[in-house]
$ cat coords-v6.cif   # mmCIF, C-alpha atoms
data_upload
loop_
_atom_site.group_PDB
_atom_site.id
_atom_site.type_symbol
_atom_site.label_atom_id
_atom_site.label_comp_id
_atom_site.auth_asym_id
_atom_site.auth_seq_id
_atom_site.Cartn_x
_atom_site.Cartn_y
_atom_site.Cartn_z
ATOM 1 C CA MET A 1 46.912 91.193 65.508
ATOM 2 C CA ILE A 2 47.800 93.796 68.096
ATOM 3 C CA ASP A 3 51.238 94.135 69.640
ATOM 4 C CA TRP A 4 50.240 94.758 73.245
ATOM 5 C CA THR A 5 53.877 95.204 74.234
ATOM 6 C CA ARG A 6 53.946 98.271 71.964
ATOM 7 C CA VAL A 7 50.690 99.522 73.473
ATOM 8 C CA ASP A 8 52.186 99.173 76.958
ATOM 9 C CA GLU A 9 55.321 101.015 75.772
ATOM 10 C CA LEU A 10 53.171 103.843 74.417
ATOM 11 C CA ARG A 11 51.334 104.069 77.723
ATOM 12 C CA ALA A 12 54.672 104.229 79.550
ATOM 13 C CA GLU A 13 55.948 106.922 77.154
ATOM 14 C CA VAL A 14 52.965 109.256 77.554
ATOM 15 C CA GLY A 15 51.744 108.231 80.997
ATOM 16 C CA ASP A 16 48.351 106.952 82.032
ATOM 17 C CA ASP A 17 46.811 110.422 81.956
ATOM 18 C CA GLY A 18 47.943 111.144 78.393
ATOM 19 C CA PHE A 19 47.367 107.683 76.968
ATOM 20 C CA ASP A 20 43.656 108.046 76.204
ATOM 21 C CA GLU A 21 44.226 111.461 74.656
ATOM 22 C CA VAL A 22 47.047 110.181 72.440
ATOM 23 C CA VAL A 23 45.024 107.144 71.368
ATOM 24 C CA ASP A 24 41.985 109.305 70.591
ATOM 25 C CA LEU A 25 44.133 111.671 68.521
ATOM 26 C CA PHE A 26 45.762 108.819 66.570
ATOM 27 C CA LEU A 27 42.410 107.191 65.886
ATOM 28 C CA GLU A 28 40.746 110.464 64.912
ATOM 29 C CA GLU A 29 43.474 111.254 62.393
ATOM 30 C CA THR A 30 43.523 107.688 61.141
ATOM 31 C CA ASP A 31 39.727 107.629 60.792
ATOM 32 C CA GLU A 32 39.995 110.645 58.475
ATOM 33 C CA VAL A 33 42.540 108.941 56.233
ATOM 34 C CA ILE A 34 40.596 105.669 56.213
ATOM 35 C CA ALA A 35 37.417 107.554 55.263
ATOM 36 C CA ARG A 36 39.037 109.022 52.184
ATOM 37 C CA LEU A 37 40.789 105.850 50.992
ATOM 38 C CA LEU A 38 38.037 105.071 48.525
ATOM 39 C CA GLU A 39 38.180 108.599 47.136
ATOM 40 C CA VAL A 40 41.893 109.372 47.002
ATOM 41 C CA ASP A 41 43.546 108.970 43.626
ATOM 42 C CA ASP A 42 46.441 106.625 43.098
ATOM 43 C CA SER A 43 49.015 109.436 43.174
ATOM 44 C CA ALA A 44 48.168 110.301 46.806
ATOM 45 C CA LEU A 45 47.709 106.738 48.024
ATOM 46 C CA GLY A 46 51.381 106.158 48.826
ATOM 47 C CA SER A 47 51.507 108.990 51.344
ATOM 48 C CA ASP A 48 48.283 107.761 52.954
ATOM 49 C CA MET A 49 49.743 104.255 53.205
ATOM 50 C CA HIS A 50 52.844 105.700 54.853
ATOM 51 C CA PHE A 51 50.778 107.701 57.352
ATOM 52 C CA LEU A 52 48.537 104.746 58.178
ATOM 53 C CA LYS A 53 51.536 102.459 58.603
ATOM 54 C CA GLY A 54 53.117 104.852 61.100
ATOM 55 C CA SER A 55 49.898 105.302 63.042
ATOM 56 C CA ALA A 56 49.296 101.567 63.117
ATOM 57 C CA LEU A 57 52.821 100.903 64.375
ATOM 58 C CA ASN A 58 52.445 103.531 67.103
ATOM 59 C CA LEU A 59 49.264 101.853 68.342
ATOM 60 C CA GLY A 60 50.611 98.334 68.037
ATOM 61 C CA LEU A 61 48.294 97.429 65.161
ATOM 62 C CA SER A 62 50.935 95.241 63.575
ATOM 63 C CA GLU A 63 48.733 93.395 61.090
ATOM 64 C CA LEU A 64 47.347 96.670 59.732
ATOM 65 C CA ALA A 65 50.858 98.131 59.595
ATOM 66 C CA LYS A 66 51.959 95.176 57.455
ATOM 67 C CA LEU A 67 49.079 95.705 55.022
ATOM 68 C CA CYS A 68 49.910 99.408 54.799
ATOM 69 C CA GLN A 69 53.585 98.654 54.252
ATOM 70 C CA ASP A 70 52.668 96.306 51.409
ATOM 71 C CA GLY A 71 50.409 99.013 49.961
ATOM 72 C CA GLU A 72 53.142 101.602 50.289
ATOM 73 C CA ARG A 73 55.537 99.338 48.399
ATOM 74 C CA LEU A 74 53.005 98.794 45.633
ATOM 75 C CA CYS A 75 52.507 102.538 45.343
ATOM 76 C CA GLY A 76 56.254 103.091 45.233
ATOM 77 C CA ALA A 77 56.474 100.583 42.399
ATOM 78 C CA GLY A 78 53.804 102.413 40.429
ATOM 79 C CA GLN A 79 51.174 99.762 41.176
ATOM 80 C CA ALA A 80 48.799 101.728 43.409
ATOM 81 C CA ALA A 81 45.845 100.226 41.568
ATOM 82 C CA MET A 82 46.835 96.856 43.055
ATOM 83 C CA VAL A 83 46.233 98.072 46.631
ATOM 84 C CA ASP A 84 43.048 96.487 47.934
ATOM 85 C CA ARG A 85 41.548 99.445 49.719
ATOM 86 C CA GLY A 86 38.543 97.451 50.906
ATOM 87 C CA VAL A 87 40.791 94.983 52.702
ATOM 88 C CA LEU A 88 42.672 97.862 54.357
ATOM 89 C CA ILE A 89 39.460 99.533 55.489
ATOM 90 C CA HIS A 90 38.089 96.288 56.899
ATOM 91 C CA ALA A 91 41.392 95.490 58.624
ATOM 92 C CA TYR A 92 41.446 98.938 60.206
ATOM 93 C CA HIS A 93 37.913 98.753 61.558
ATOM 94 C CA SER A 94 38.495 95.242 62.860
ATOM 95 C CA ALA A 95 41.790 96.202 64.534
ATOM 96 C CA LYS A 96 40.262 99.360 65.996
ATOM 97 C CA ALA A 97 37.352 97.415 67.508
ATOM 98 C CA SER A 98 39.689 94.783 68.978
ATOM 99 C CA PHE A 99 41.950 97.505 70.318
ATOM 100 C CA ARG A 100 39.095 99.403 71.976
ATOM 101 C CA ASP A 101 37.610 96.205 73.434
ATOM 102 C CA GLU A 102 40.894 95.103 74.973
ATOM 103 C CA ILE A 103 41.708 98.579 76.321
ATOM 104 C CA ALA A 104 38.273 98.625 78.005
ATOM 105 C CA ARG A 105 38.787 95.119 79.381
ATOM 106 C CA ARG A 106 42.188 96.049 80.790
ATOM 107 C CA ALA A 107 40.778 99.170 82.427
ATOM 108 C CA ALA A 108 37.991 97.225 84.155
#
$ encode --input "coords-v6.cif" --output "structure tokens"
Amino acid sequence: MIDWTRVDELRAEVGDDGFDEVVDLFLEETDEVIARLLEVDDSALGSDMHFLKGSALNLGLSELAKLCQDGERLCGAGQAAMVDRGVLIHAYHSAKASFRDEIARRAA
């Protein structure tokens, strides 16, 4: 699920001209973290969950943010092995595609 109110707030904060640039930067940085999720060891997973949660919240990707928050809590409790990285990766790619599709639809 995407919080389009948050997306509209972000657009208002950075302006129409800066919006695409900010979104591209967030997604580029997030893509890098997502790409290494399967490789990162459990000790670094908590910080990646925190980063992904913040990025997801900034872009209104509320469902992904919730998954990352749950993962961050598991990591904080010493249960990083319980984080389903595959689910997070799938949720990210799904949310990103929905986000891009709706942004394109709104721009048309």
$ atom_distance --input "coords-v6.cif" --atom1 "atom CA of A:Asp101" --atom2 "atom CA of A:Trp4"
12.7 Å
$ residues_around --input "coords-v6.cif" --residues "stretch 21-26 of chain A" --least-positions-apart "3" --cutoff "9 Å" --atoms "all atoms listed in the file" --output "list in words"
Val14, Asp17, Gly18, Glu29, Thr30, Asp31, Ser55, Ala56, Asn58 and Leu59 of chain A
$ resolve_selection --input "coords-v6.cif" --expression "the PyMOL selection byres ((chain A and resi 74) around 12)" --output "JSON, numbers by chain"
{"A": [42, 43, 45, 46, 47, 49, 50, 67, 68, 69, 70, 71, 72, 73, 75, 76, 77, 78, 79, 80, 81, 82, 83, 84]}
$ atom_distance --input "coords-v6.cif" --atom1 "atom CA of A:Arg105" --atom2 "atom CA of A:Ala65"
23.4 Å
$ residues_near_point --input "coords-v6.cif" --point "(49.6, 95.1, 63.7)" --cutoff "12 Å" --atoms "all atoms listed in the file" --output "compact mmCIF listing (two decimals) with C-alpha atoms, keeping the file's coordinate frame"
# COMPACT_ATOMS: atom_id res chain seq x y z
CA MET A 1 46.91 91.19 65.51
CA ILE A 2 47.80 93.80 68.10
CA ASP A 3 51.24 94.14 69.64
CA TRP A 4 50.24 94.76 73.24
CA THR A 5 53.88 95.20 74.23
CA ARG A 6 53.95 98.27 71.96
CA VAL A 7 50.69 99.52 73.47
CA LEU A 52 48.54 104.75 58.18
CA LYS A 53 51.54 102.46 58.60
CA GLY A 54 53.12 104.85 61.10
CA SER A 55 49.90 105.30 63.04
CA ALA A 56 49.30 101.57 63.12
CA LEU A 57 52.82 100.90 64.38
CA ASN A 58 52.44 103.53 67.10
CA LEU A 59 49.26 101.85 68.34
CA GLY A 60 50.61 98.33 68.04
CA LEU A 61 48.29 97.43 65.16
CA SER A 62 50.94 95.24 63.58
CA GLU A 63 48.73 93.40 61.09
CA LEU A 64 47.35 96.67 59.73
CA ALA A 65 50.86 98.13 59.60
CA LYS A 66 51.96 95.18 57.46
CA LEU A 67 49.08 95.70 55.02
CA CYS A 68 49.91 99.41 54.80
CA GLN A 69 53.58 98.65 54.25
CA LEU A 88 42.67 97.86 54.36
CA ALA A 91 41.39 95.49 58.62
CA TYR A 92 41.45 98.94 60.21
CA SER A 94 38.49 95.24 62.86
CA ALA A 95 41.79 96.20 64.53
CA LYS A 96 40.26 99.36 66.00
CA SER A 98 39.69 94.78 68.98
CA PHE A 99 41.95 97.50 70.32
$ axis_aligned_box --input "coords-v6.cif" --around "stretch 7-18 of chain A" --padding-each-side "6 Å" --output "lines of an AutoDock Vina configuration file"
center_x = 51.4
center_y = 105.2
center_z = 77.8
size_x = 21.1
size_y = 24.0
size_z = 20.6
$ atom_distance --input "coords-v6.cif" --atom1 "atom CA of A:Arg36" --atom2 "atom CA of A:His90"
13.6 Å
$ closest_residue --input "coords-v6.cif" --among "A:Asp48, A:Asp20, A:Glu28, A:Asp8" --to "A:Arg85" --atoms "all atoms listed in the file"
A:Asp48
$ closest_residue --input "coords-v6.cif" --among "A:Ile103, A:Ile89, A:Ala108, A:Ala97" --to "A:Leu38" --atoms "only C-alpha atoms"
A:Ile89
$ build_atoms --input "coords-v6.cif" --residues "stretch 57-68 of chain A" --atoms "all heavy atoms" --output "short mmCIF file (atom, residue, chain, number, x, y, z; two decimals), in the coordinates of the input"
data_model
loop_
_atom_site.label_atom_id
_atom_site.label_comp_id
_atom_site.auth_asym_id
_atom_site.auth_seq_id
_atom_site.Cartn_x
_atom_site.Cartn_y
_atom_site.Cartn_z
N LEU A 57 51.67 101.35 63.58
CA LEU A 57 52.82 100.90 64.38
C LEU A 57 52.83 101.55 65.76
O LEU A 57 53.14 100.89 66.76
CB LEU A 57 54.13 101.21 63.64
CG LEU A 57 54.41 100.33 62.43
CD1 LEU A 57 55.61 100.87 61.66
CD2 LEU A 57 54.65 98.88 62.85
N ASN A 58 52.48 102.83 65.82
CA ASN A 58 52.44 103.53 67.10
C ASN A 58 51.42 102.93 68.05
O ASN A 58 51.63 102.92 69.26
CB ASN A 58 52.16 105.02 66.91
CG ASN A 58 53.39 105.78 66.53
OD1 ASN A 58 54.47 105.55 67.06
ND2 ASN A 58 53.25 106.70 65.60
N LEU A 59 50.32 102.43 67.52
CA LEU A 59 49.26 101.85 68.34
C LEU A 59 49.38 100.34 68.49
O LEU A 59 48.52 99.71 69.09
CB LEU A 59 47.89 102.20 67.77
CG LEU A 59 47.49 103.66 67.89
CD1 LEU A 59 46.11 103.87 67.27
CD2 LEU A 59 47.47 104.11 69.34
N GLY A 60 50.42 99.77 67.91
CA GLY A 60 50.61 98.33 68.04
C GLY A 60 49.74 97.51 67.11
O GLY A 60 49.60 96.30 67.30
N LEU A 61 49.15 98.14 66.10
CA LEU A 61 48.29 97.43 65.16
C LEU A 61 49.16 96.82 64.06
O LEU A 61 49.20 97.27 62.92
CB LEU A 61 47.24 98.38 64.58
CG LEU A 61 46.42 99.18 65.59
CD1 LEU A 61 45.43 100.11 64.88
CD2 LEU A 61 45.69 98.26 66.55
N SER A 62 49.88 95.79 64.43
CA SER A 62 50.94 95.24 63.58
C SER A 62 50.42 94.64 62.27
O SER A 62 51.06 94.78 61.23
CB SER A 62 51.78 94.22 64.34
OG SER A 62 50.97 93.22 64.90
N GLU A 63 49.28 93.99 62.31
CA GLU A 63 48.73 93.40 61.09
C GLU A 63 48.34 94.49 60.09
O GLU A 63 48.63 94.40 58.90
CB GLU A 63 47.51 92.55 61.44
CG GLU A 63 47.08 91.61 60.34
CD GLU A 63 48.02 90.44 60.16
OE1 GLU A 63 48.70 90.03 61.11
OE2 GLU A 63 48.07 89.93 59.03
N LEU A 64 47.71 95.54 60.58
CA LEU A 64 47.35 96.67 59.73
C LEU A 64 48.60 97.35 59.19
O LEU A 64 48.66 97.71 58.02
CB LEU A 64 46.48 97.67 60.50
CG LEU A 64 46.07 98.91 59.73
CD1 LEU A 64 45.21 98.56 58.52
CD2 LEU A 64 45.34 99.89 60.64
N ALA A 65 49.60 97.51 60.03
CA ALA A 65 50.86 98.13 59.60
C ALA A 65 51.48 97.35 58.45
O ALA A 65 51.98 97.93 57.48
CB ALA A 65 51.83 98.24 60.76
N LYS A 66 51.41 96.03 58.52
CA LYS A 66 51.96 95.18 57.46
C LYS A 66 51.20 95.40 56.15
O LYS A 66 51.81 95.53 55.08
CB LYS A 66 51.88 93.71 57.89
CG LYS A 66 52.14 92.70 56.79
CD LYS A 66 53.60 92.45 56.57
CE LYS A 66 53.87 91.28 55.65
NZ LYS A 66 53.76 91.56 54.25
N LEU A 67 49.88 95.45 56.23
CA LEU A 67 49.08 95.70 55.02
C LEU A 67 49.41 97.06 54.42
O LEU A 67 49.52 97.21 53.19
CB LEU A 67 47.58 95.64 55.35
CG LEU A 67 47.01 94.26 55.66
CD1 LEU A 67 45.57 94.39 56.15
CD2 LEU A 67 47.08 93.36 54.43
N CYS A 68 49.58 98.06 55.28
CA CYS A 68 49.91 99.41 54.80
C CYS A 68 51.31 99.45 54.19
O CYS A 68 51.53 100.12 53.18
CB CYS A 68 49.79 100.42 55.94
SG CYS A 68 48.10 100.65 56.51
#
